[in-house]
Structures are given as C-alpha cells and as structure tokens.
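Q: Below is the structure I would like to discuss, written out as structure tokens.
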Amino acid sequence: MKLKFDYNNMMADVIGERGISADLITANASKIDGAFNNVLENCGKGWQEWSELPYINPSDVDSIIARMNDIRSKASAFVVLGIGGSALGPISVVQALLNMRLNELPAPALKAAGLPKLYIEDNIDPERMHELLELIDLKTTYFNVITKSGETSETLAQFLVLYDLMKKAVGKEEAKKHFIATTTMGKGTLYKLAQKEGFVTYGIGAGVGGRFSVLSNVGLVPFAAMGIDIKKLLAGAKEMSEACRVSDVKKNPALMTAFLQCMAMEKGANISVMMPYADSLKYMSDFYCQIWAESLGKAKDKDGNLVFVGQTPAKALGVTDQHSQVQLYTEGPFDKVVTILAVDKFRNDVVIPCDDDIDACEFLKGHTMGELLNAERVATEYALRKAERMSFTITLPEVNEETVGELLAYYMYETAFAGAYLNIDTFNQPGVEEGKKATFAMLGRKGYEEKLAEVRSATKKDEYYI
Ligand code: PA5
C-alpha cells in the first residue's frame with residue numbers, strides 16, 4: 001500500500017479530550033470485529049459485488065482498451081452522459097489523472113497527446129447543453145451513456161436530445177457508431193434502446209451500486225477512452241483491497257477511520273469535511289460526499305429501528321478554503337472531522353523567484369509552489385490540532401493511477417465498514433428512489449398516476465409565500 005494514514009489528530013492523547021480515547025478501540029473491539037466480518041463475509045455477494053471489481057479478468061480489460069483505443073483515434077471529443085454514481089467517480093478520476101486544462105489545450109497539443117476533449121455531463125441544465133453543442137463537432141464526437149438502472153430521467157433526456165441531433169448530423173447508420181451504452185444487461189430502458197439501435201453495450205454487475213461502480217465499466221470505459229492506464233488503476237485498488245481485508249484494526253486503514261468517524265459522530269461531530277491539498281484531487285471530495293452521504297444517511301437500521309444516522313459530508317480545498325472555511329473549522333462548533341488529502345510530490349512544480357531587493361518576499365524565494373502548498377497544509381493540521389479539532393491526513397506519495405486506485409478502494413471499504421458498524425443498509429438509497437419516482441409521476445410516465453396524486457396532495461398555505 002502506497003497511501004499513508006496519520007490519525008494522530010483524532011486521538012485524545014494528542015489533541016485533548018475533544019478527541020477519541022485510545023481505550024475506546026479496545027472497548028469496542030467486538031463491535032469493530034463484527035463490522036469487519038460482516039463486510040468480509042459479504043465480499044462479492046449481493047450489493048457487495050463492487051469489492052471484486054479490482055480482480056476483473058485481465059482479458060476483459062484488454063478488450064476494453066482495444067476498443068477504446070480505436071474510438072480515441074477517431075474522436076475530437078468524448079462525452080459521458082450520466083449522473084450521481086454514474087458520473088462522480090469518472091469526474092474524480094479524470095481530474096486526478098488527466099491534464100486539468102485538457103479541453104483548453106490548443107488543437108496541435110491535443111493532437112500530439114493523441115487525446116480528444118472530454119466532457120462529463122452530469123446535469124440537465126439546458127444552458128449547459130446549449131454551450132456543449134456550441135463546442136463539439138458531432139461528426140467526430142463519441143458519447144458514453146451511463147445509467148445502471150437504465151431509467152434515470154436526466155440521462156435518458158440527454159441521450160434522446162443528443163442521439164436525435166447525431167442522426168440529423170450524420171444519418172442513422174453512422175449515428176449508432178457514436179454511442180456506447182453502459183448499463184445493466186438485460187434490464188431497463190437504456191438496455192432496450194441500445195439493443196434496438198445496435199450500440200456497443202457494456203454491462204454493470206447486478207450487485208454493483210452506482211456510487212460503488214467507478215472501477216466497473218462505468219469508469220473503465222471512459223478512462224480507457226482517455227488513455228488512462230486502467231490496469232494500474234485496478235492494481236492500486238487491489239493493493240488497497242488487500243490492506244482493507246486485514247482483521248487487525250490497527251493495520252486496516254478503512255476499518256480504523258470508519259470506526260473513528262463513528263466514534264466522532266457519537267461525540268457530536270456530525271460533519272465530515274474532505275479537504276484535498278491538491279487541485280488534482282479536488283473532485284475526490286465530490287466522490288466522497290456522495291458515497292458517504294448516500295450510503296450512511298439512513299432513517300432505519302437493519303432491525304427496523306428508527307435511527308436517523310449519517311454524517312454530513314462537506315468539501316473544502318486546500319489552500320483555497322483556508323481563506324474561507326478554516327476559520328469556522330478552528331473556532332466554530334466542535335461538530336466536524338476534517339480529512340486532509342496530502343500529496344508528497346507534485347508531478348510538476350514551479351520555483352518561486354524573488355528579486356533580492358523585495359525583503360518581504362525573501363522567505364518565499366527559492367521554494368517551490370508545491371513546498372508552499374504543503375507547508376500550508378501542515379500549518380492547517382497544526383491549527384486544527386491546537387484548537388483541539390479532530391482531523392486525519394491521508395498522504396499520496398504522488399497522484400497517479402495506482403494511488404488513485406488505492407484511494408477509491410479505501411473510500412468504498414471505509415463506507416462499507418462504517419455502515420456495518422452503524423448496522424444500516426449501506427447499499428440502498430430509498431430517499432433518492434423516492435425523488436426519481438416523483439419525477440416520473442410529474443412528467444406523466446405511465447404507471448405513476450398514484451404517485452402523481454400523492455405529490456400533488458401536499459398541503460400548501462398562501463400565508464407561507466412572500
Ligand atoms: O449511487 C446511486 O445509486 C445513485 O447515485 C445513482 O448512481 C444515480 O441515481 C444514477 O443512477 P443510474 O446510474 O441508475 O442512472
């Protein structure tokens with residue numbers, strides 16, 4: 001395992017009584033073991049099929065790479081259509097592993113890199129769609145439509161708009177070659193449409209939920225299309241999976257931090273801030289926010305008791321948010337745990353020059369921007385510790401396919417262990433499904449007439465409008 005986990009600043013003997021007592025680890029040993037065994041016993045079963053994704057057959061990976069290499073050689077733009085778990089994993093990984101300004105590179109530079117522009121469309125804002133259409137040339141654009149259920153209104157709407165335009169631009173026979181579907185095989189509207197139209201179709205395992213699907217075809221297909229080394233990504237995920245299958249909590253990073261977060265919640269720290277100190281990891285916070293919120297925010301436990309649990313995830317970016325949110329984190333309520341993502345070595349660095357006669361800048365001279373960023377990160381860790389705030393730091397030696405694969409697998413195991421510890425169903429999302437059904441009803445989908453009546457029956461009083 002390449003990632004390092006430093007949870008000193010979670011502990012009472014380091015930050016004071018606002019932290020977690022080391023004795024609690026011993027006192028809760030059987031509960032921690034229970035959560036560990038629950039997750040491990042279910043690996044590869046039911047909704048825990050995600051845990052087997054790093055162990056995918058290498059020949060399946062090779063065939064994805066071969067097909068996507070071909071697409072890449074023809075594409076000026078690759079567009080992913082999806083939402084929630086069908087978009088956030090891909091967004092977090094491409095931000096980490098591709099040039100952050102890829103789409104702004106001049107055409108010759110893109111050509112030299114052999115890469116198309118990439119757009120991940122995870123919303124249905126009509127203005128955004130208009131602006132996308134102004135940017136892409138449909139004749140050389142390829143679309144990957146991703147929806148696990150095959151039913152999500154947003155993704156289907158995007159698909160219908162773009163397929164229609166593509167047919168008008170290049171004719172039906174050619175249009176079919178520009179769409180790749182990723183969905184549950186044999187089920188759902190997208191699967192039926194893809195079969196009817198003859199799109200290349202990739203499956204998503206029945207037991208791989210949206211927010212746990214980034215290492216399935218949901219991520220592998222677009223990553224391979226963008227030339228990301230998916231073998232290394234999977235190798236990193238496998239490495240972390242092994243570390244998360246060790247029963248000793250002191251050696252298992254996901255089990256330890258899941259436990260500490262649950263203890264923090266018991267102490268009233270109901271907010272979990274994800275704060276990367278690297279722009280490349282900025283959208284890891286979005287991935288984390290979804291997996292943590294949607295998995296752990298539950299009304300009932302597995303025995304049917306009303307528990308209303310869940311820690312609210314929040315995102316911050318170092319150092320940007322040092323100048324906005326860190327004031328609250330150090331002096332506001334004791335209701336947060338801050339997870340800091342650190343990077344030891346930046347892939348590129350920039351030396352700060354300084355004319356000798358500017359005394360006030362002398363301290364910056366000769367340092368790199370990476371050094372400054374890391375000094376500020378250490379300063380924030382110190383400020384939080386001094387203010388007796390709980391935080392822990394995950395360090396990536398460098399951002400690359402392997403370390404990103406490790407980080408993704410860690411998040412999935414951490415979430416699964418926390419859910420098992422809380423005795424909730426980590427893998428369902430009844431609250432999200434409720435909203436999806438209400439949308440179908442309001443748009444007049446057949447079979448949702450009763451739901452429409454229910455949505456419309458909500459009492460509203462005139463006096464509550466301004
Ligand atoms: O994690 C989840 O299950 C959800 O966030 C889904 O990913 C999201 O609702 C999109 O669903 P689908 O992939 O079925 O379109």
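Lettering and numbering for the structure tokens are positional, with chains as A, B, ... in the shown order, residues counted from 1 in each chain, and ligands counted from 1 in the shown order.
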Please report as JSON lines every residue of chain A lying within 6 Å of ligand 1, along with the nearest atom pair and their distance in Å (one decimal), using only C-alpha atoms and all ligand atoms.
A:
{"residue": "A:Ile83", "atom": "CA", "partner": "ligand 1", "partner_atom_place_in_ligand_line": "10 (C)", "distance": 5.0}
{"residue": "A:Gly84", "atom": "CA", "partner": "ligand 1", "partner_atom_place_in_ligand_line": "5 (O)", "distance": 3.9}
{"residue": "A:Gly85", "atom": "CA", "partner": "ligand 1", "partner_atom_place_in_ligand_line": "7 (O)", "distance": 3.3}
{"residue": "A:Ser86", "atom": "CA", "partner": "ligand 1", "partner_atom_place_in_ligand_line": "13 (O)", "distance": 4.8}
{"residue": "A:Thr147", "atom": "CA", "partner": "ligand 1", "partner_atom_place_in_ligand_line": "13 (O)", "distance": 3.5}
{"residue": "A:Lys148", "atom": "CA", "partner": "ligand 1", "partner_atom_place_in_ligand_line": "13 (O)", "distance": 3.7}
{"residue": "A:Ser149", "atom": "CA", "partner": "ligand 1", "partner_atom_place_in_ligand_line": "14 (O)", "distance": 3.6}
{"residue": "A:Gly150", "atom": "CA", "partner": "ligand 1", "partner_atom_place_in_ligand_line": "14 (O)", "distance": 5.7}
{"residue": "A:Thr152", "atom": "CA", "partner": "ligand 1", "partner_atom_place_in_ligand_line": "15 (O)", "distance": 4.4}
{"residue": "A:Gly209", "atom": "CA", "partner": "ligand 1", "partner_atom_place_in_ligand_line": "3 (O)", "distance": 5.2}
{"residue": "A:Gly210", "atom": "CA", "partner": "ligand 1", "partner_atom_place_in_ligand_line": "7 (O)", "distance": 3.6}
{"residue": "A:Arg211", "atom": "CA", "partner": "ligand 1", "partner_atom_place_in_ligand_line": "1 (O)", "distance": 3.8}
Q: So that I can see what lies close to Cys289 (chain A), please list as a PyMOL selection string the residues with an atom at most 7 Å from it, counting only C-alpha atoms and leaving out residues fewer than 4 positions away in the same chain.
A: chain A and resi 285+293+313-314
Q: Keeping only N, CA and C atoms, write the selected residues as an mmCIF file, in the first residue's frame.
A:
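Saved file out.cif follows:
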data_model
loop_
_atom_site.group_PDB
_atom_site.id
_atom_site.type_symbol
_atom_site.label_atom_id
_atom_site.label_comp_id
_atom_site.auth_asym_id
_atom_site.auth_seq_id
_atom_site.Cartn_x
_atom_site.Cartn_y
_atom_site.Cartn_z
ATOM 1 N N SER A 285 -13.427 14.847 -3.398
ATOM 2 C CA SER A 285 -14.380 15.271 -2.368
ATOM 3 C C SER A 285 -15.813 15.025 -2.824
ATOM 4 N N ALA A 293 -22.600 10.198 2.031
ATOM 5 C CA ALA A 293 -23.957 10.695 2.315
ATOM 6 C C ALA A 293 -25.024 9.680 1.933
ATOM 7 N N PRO A 313 -21.349 15.035 4.783
ATOM 8 C CA PRO A 313 -20.047 15.326 4.200
ATOM 9 C C PRO A 313 -19.998 16.753 3.649
ATOM 10 N N ALA A 314 -18.837 17.339 3.721
ATOM 11 C CA ALA A 314 -18.666 18.694 3.183
ATOM 12 C C ALA A 314 -17.342 18.722 2.442
#
Q: List as a PyMOL selection string the protein and nucleic acid residues near Gly268 (chain A), meaning an atom at most 12 Å away when only C-alpha atoms are counted, but skip any in the same chain fewer than 4 places from it.
A: chain A and resi 18-20+261-264+272+309-312+333-337+390
Q: Mind writing the picked residues with N, CA, C and O atoms as a PDB file, in the first residue's frame?
A:
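Ended up saving to part23.pdb:
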ATOM      1  N   ARG A  18     -11.297  16.447  23.502  1.00  0.00           N
ATOM      2  CA  ARG A  18     -12.250  16.509  22.370  1.00  0.00           C
ATOM      3  C   ARG A  18     -11.987  15.363  21.386  1.00  0.00           C
ATOM      4  O   ARG A  18     -12.757  15.135  20.466  1.00  0.00           O
ATOM      5  N   GLY A  19     -10.855  14.701  21.524  1.00  0.00           N
ATOM      6  CA  GLY A  19     -10.508  13.602  20.617  1.00  0.00           C
ATOM      7  C   GLY A  19     -11.062  12.279  21.104  1.00  0.00           C
ATOM      8  O   GLY A  19     -11.824  12.202  22.072  1.00  0.00           O
ATOM      9  N   ILE A  20     -10.693  11.223  20.386  1.00  0.00           N
ATOM     10  CA  ILE A  20     -11.185   9.876  20.698  1.00  0.00           C
ATOM     11  C   ILE A  20     -10.167   9.190  21.613  1.00  0.00           C
ATOM     12  O   ILE A  20      -8.973   9.167  21.308  1.00  0.00           O
ATOM     13  N   GLN A 261     -14.585   7.672  12.737  1.00  0.00           N
ATOM     14  CA  GLN A 261     -15.679   8.567  12.307  1.00  0.00           C
ATOM     15  C   GLN A 261     -16.962   8.242  13.081  1.00  0.00           C
ATOM     16  O   GLN A 261     -17.702   9.150  13.483  1.00  0.00           O
ATOM     17  N   CYS A 262     -17.234   6.961  13.289  1.00  0.00           N
ATOM     18  CA  CYS A 262     -18.449   6.586  14.039  1.00  0.00           C
ATOM     19  C   CYS A 262     -18.349   7.074  15.487  1.00  0.00           C
ATOM     20  O   CYS A 262     -19.322   7.566  16.059  1.00  0.00           O
ATOM     21  N   MET A 263     -17.149   6.975  16.073  1.00  0.00           N
ATOM     22  CA  MET A 263     -16.948   7.473  17.440  1.00  0.00           C
ATOM     23  C   MET A 263     -17.118   8.997  17.473  1.00  0.00           C
ATOM     24  O   MET A 263     -17.699   9.559  18.399  1.00  0.00           O
ATOM     25  N   ALA A 264     -16.580   9.651  16.441  1.00  0.00           N
ATOM     26  CA  ALA A 264     -16.700  11.107  16.363  1.00  0.00           C
ATOM     27  C   ALA A 264     -18.173  11.513  16.282  1.00  0.00           C
ATOM     28  O   ALA A 264     -18.603  12.472  16.928  1.00  0.00           O
ATOM     29  N   SER A 272     -18.414  15.722   8.180  1.00  0.00           N
ATOM     30  CA  SER A 272     -17.133  15.164   7.756  1.00  0.00           C
ATOM     31  C   SER A 272     -16.630  15.956   6.555  1.00  0.00           C
ATOM     32  O   SER A 272     -17.220  15.900   5.475  1.00  0.00           O
ATOM     33  N   VAL A 309     -29.449   8.165  11.109  1.00  0.00           N
ATOM     34  CA  VAL A 309     -27.999   8.373  11.213  1.00  0.00           C
ATOM     35  C   VAL A 309     -27.417   8.992   9.944  1.00  0.00           C
ATOM     36  O   VAL A 309     -28.092   9.097   8.915  1.00  0.00           O
ATOM     37  N   GLY A 310     -26.148   9.322  10.034  1.00  0.00           N
ATOM     38  CA  GLY A 310     -25.416   9.825   8.865  1.00  0.00           C
ATOM     39  C   GLY A 310     -24.632  11.061   9.240  1.00  0.00           C
ATOM     40  O   GLY A 310     -25.112  11.891  10.004  1.00  0.00           O
ATOM     41  N   GLN A 311     -23.421  11.119   8.738  1.00  0.00           N
ATOM     42  CA  GLN A 311     -22.560  12.272   8.977  1.00  0.00           C
ATOM     43  C   GLN A 311     -22.605  13.098   7.697  1.00  0.00           C
ATOM     44  O   GLN A 311     -22.427  12.547   6.611  1.00  0.00           O
ATOM     45  N   THR A 312     -22.861  14.381   7.810  1.00  0.00           N
ATOM     46  CA  THR A 312     -22.987  15.209   6.606  1.00  0.00           C
ATOM     47  C   THR A 312     -21.607  15.488   6.018  1.00  0.00           C
ATOM     48  O   THR A 312     -20.767  16.092   6.683  1.00  0.00           O
ATOM     49  N   PRO A 333     -18.296  25.415  16.037  1.00  0.00           N
ATOM     50  CA  PRO A 333     -18.685  24.288  16.893  1.00  0.00           C
ATOM     51  C   PRO A 333     -17.784  23.064  16.697  1.00  0.00           C
ATOM     52  O   PRO A 333     -17.190  22.900  15.626  1.00  0.00           O
ATOM     53  N   PHE A 334     -17.730  22.252  17.738  1.00  0.00           N
ATOM     54  CA  PHE A 334     -16.910  21.023  17.666  1.00  0.00           C
ATOM     55  C   PHE A 334     -17.730  19.927  16.974  1.00  0.00           C
ATOM     56  O   PHE A 334     -18.036  18.901  17.571  1.00  0.00           O
ATOM     57  N   ASP A 335     -18.137  20.182  15.745  1.00  0.00           N
ATOM     58  CA  ASP A 335     -19.046  19.231  15.089  1.00  0.00           C
ATOM     59  C   ASP A 335     -18.462  18.651  13.807  1.00  0.00           C
ATOM     60  O   ASP A 335     -19.201  18.164  12.962  1.00  0.00           O
ATOM     61  N   LYS A 336     -17.140  18.741  13.657  1.00  0.00           N
ATOM     62  CA  LYS A 336     -16.540  18.292  12.386  1.00  0.00           C
ATOM     63  C   LYS A 336     -15.336  17.387  12.594  1.00  0.00           C
ATOM     64  O   LYS A 336     -14.616  17.504  13.582  1.00  0.00           O
ATOM     65  N   VAL A 337     -15.140  16.526  11.589  1.00  0.00           N
ATOM     66  CA  VAL A 337     -13.876  15.814  11.435  1.00  0.00           C
ATOM     67  C   VAL A 337     -13.356  16.244  10.069  1.00  0.00           C
ATOM     68  O   VAL A 337     -14.105  16.216   9.089  1.00  0.00           O
ATOM     69  N   MET A 390     -10.720  17.501  15.589  1.00  0.00           N
ATOM     70  CA  MET A 390     -10.328  16.195  15.051  1.00  0.00           C
ATOM     71  C   MET A 390     -10.029  16.284  13.551  1.00  0.00           C
ATOM     72  O   MET A 390     -10.820  16.850  12.792  1.00  0.00           O
TER      73      MET A 390
END
Q: So which bits of region 305-433 of chain A end up alpha helix (DSSP H) when you DSSP the backbone, as a ChimeraX atom specification?
A: /A:326-331,369-386,401-422,430-433
Q: Please report the interatomic distance between CA of Ile120 (chain A) and CA of Ser213 (chain A) in Å with one decimal.
A: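 Taking CA of Ile120 (chain A) as the start and CA of Ser213 (chain A) as the end point, the length is 15.9 Å.
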Q: If I take CA of Tyr448 (chain A) and CA of Ala157 (chain A), how far is one from the other in Å, to one decimal?
A: 18.2 Å
Q: Residues of region 154-250 of chain A that have any atom at most 12 Å from an atom of region 416-424 of chain A: could you tabulate them with the shortest-distance atom pair and the distance in Å to one decimal, using only C-alpha atoms, ordered by chain and increasing number, as a tab-separated table?
A:
residue	atom	partner	partner_atom	distance
A:Arg211	CA	A:Ala416	CA	11.7
A:Phe212	CA	A:Ala416	CA	10.0
A:Cys244	CA	A:Phe417	CA	9.7
A:Arg245	CA	A:Phe417	CA	10.9
A:Ser247	CA	A:Phe417	CA	11.7
A:Val249	CA	A:Phe417	CA	11.0
Q: What does the structure give for the distance between CA of Val273 (chain A) and CA of Val338 (chain A), in Å to one decimal?
A: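 So the answer is 4.6 Å.
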Q: Rank nothing, just name the residue among A:Arg128, A:Lys187, A:Arg72, A:Lys177 nearest to Ala225 (chain A), using only C-alpha atoms.
A: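 Of A:Arg128, A:Lys187, A:Arg72, A:Lys177, the one nearest Ala225 (chain A), counting only C-alpha atoms, is A:Arg72.
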Q: Would you pick out the contacts of Thr140 (chain A) at 8 Å or less, using only C-alpha atoms, so that residues sharing its chain but fewer than 2 positions from it are not included, and give the list as a PyMOL selection string?
A: chain A and resi 74-77+137-138+142
Q: I need the residues from that last selection saved to file as a short mmCIF file (atom, residue, chain, number, x, y, z; two decimals), in the first residue's frame (with N, CA and C atoms), if you can.
A:
data_model
loop_
_atom_site.label_atom_id
_atom_site.label_comp_id
_atom_site.auth_asym_id
_atom_site.auth_seq_id
_atom_site.Cartn_x
_atom_site.Cartn_y
_atom_site.Cartn_z
N LYS A 74 -10.33 8.22 -33.35
CA LYS A 74 -11.27 8.88 -34.28
C LYS A 74 -11.94 10.12 -33.67
N ALA A 75 -11.81 10.27 -32.33
CA ALA A 75 -12.65 11.26 -31.64
C ALA A 75 -11.97 12.61 -31.46
N SER A 76 -12.74 13.67 -31.71
CA SER A 76 -12.27 15.00 -31.30
C SER A 76 -12.80 15.32 -29.91
N ALA A 77 -13.92 14.67 -29.55
CA ALA A 77 -14.46 14.86 -28.19
C ALA A 77 -15.11 13.56 -27.73
N ASP A 137 -18.05 19.02 -32.31
CA ASP A 137 -18.39 18.71 -33.69
C ASP A 137 -18.96 17.29 -33.66
N LEU A 138 -20.27 17.18 -33.84
CA LEU A 138 -20.92 15.86 -33.67
C LEU A 138 -20.29 14.78 -34.54
N TYR A 142 -17.93 11.20 -29.69
CA TYR A 142 -18.44 9.89 -29.25
C TYR A 142 -19.04 10.05 -27.86
#
Q: Excluding Ala342 (chain A) and residues on its chain fewer than 2 positions from it, collect all residues at most 12 Å away from it, counting only C-alpha atoms, and give them as a PyMOL selection string.
A: chain A and resi 3-6+274-282+317-319+339-340+344-346+370-371+373-378+380-381+392-399+403+407
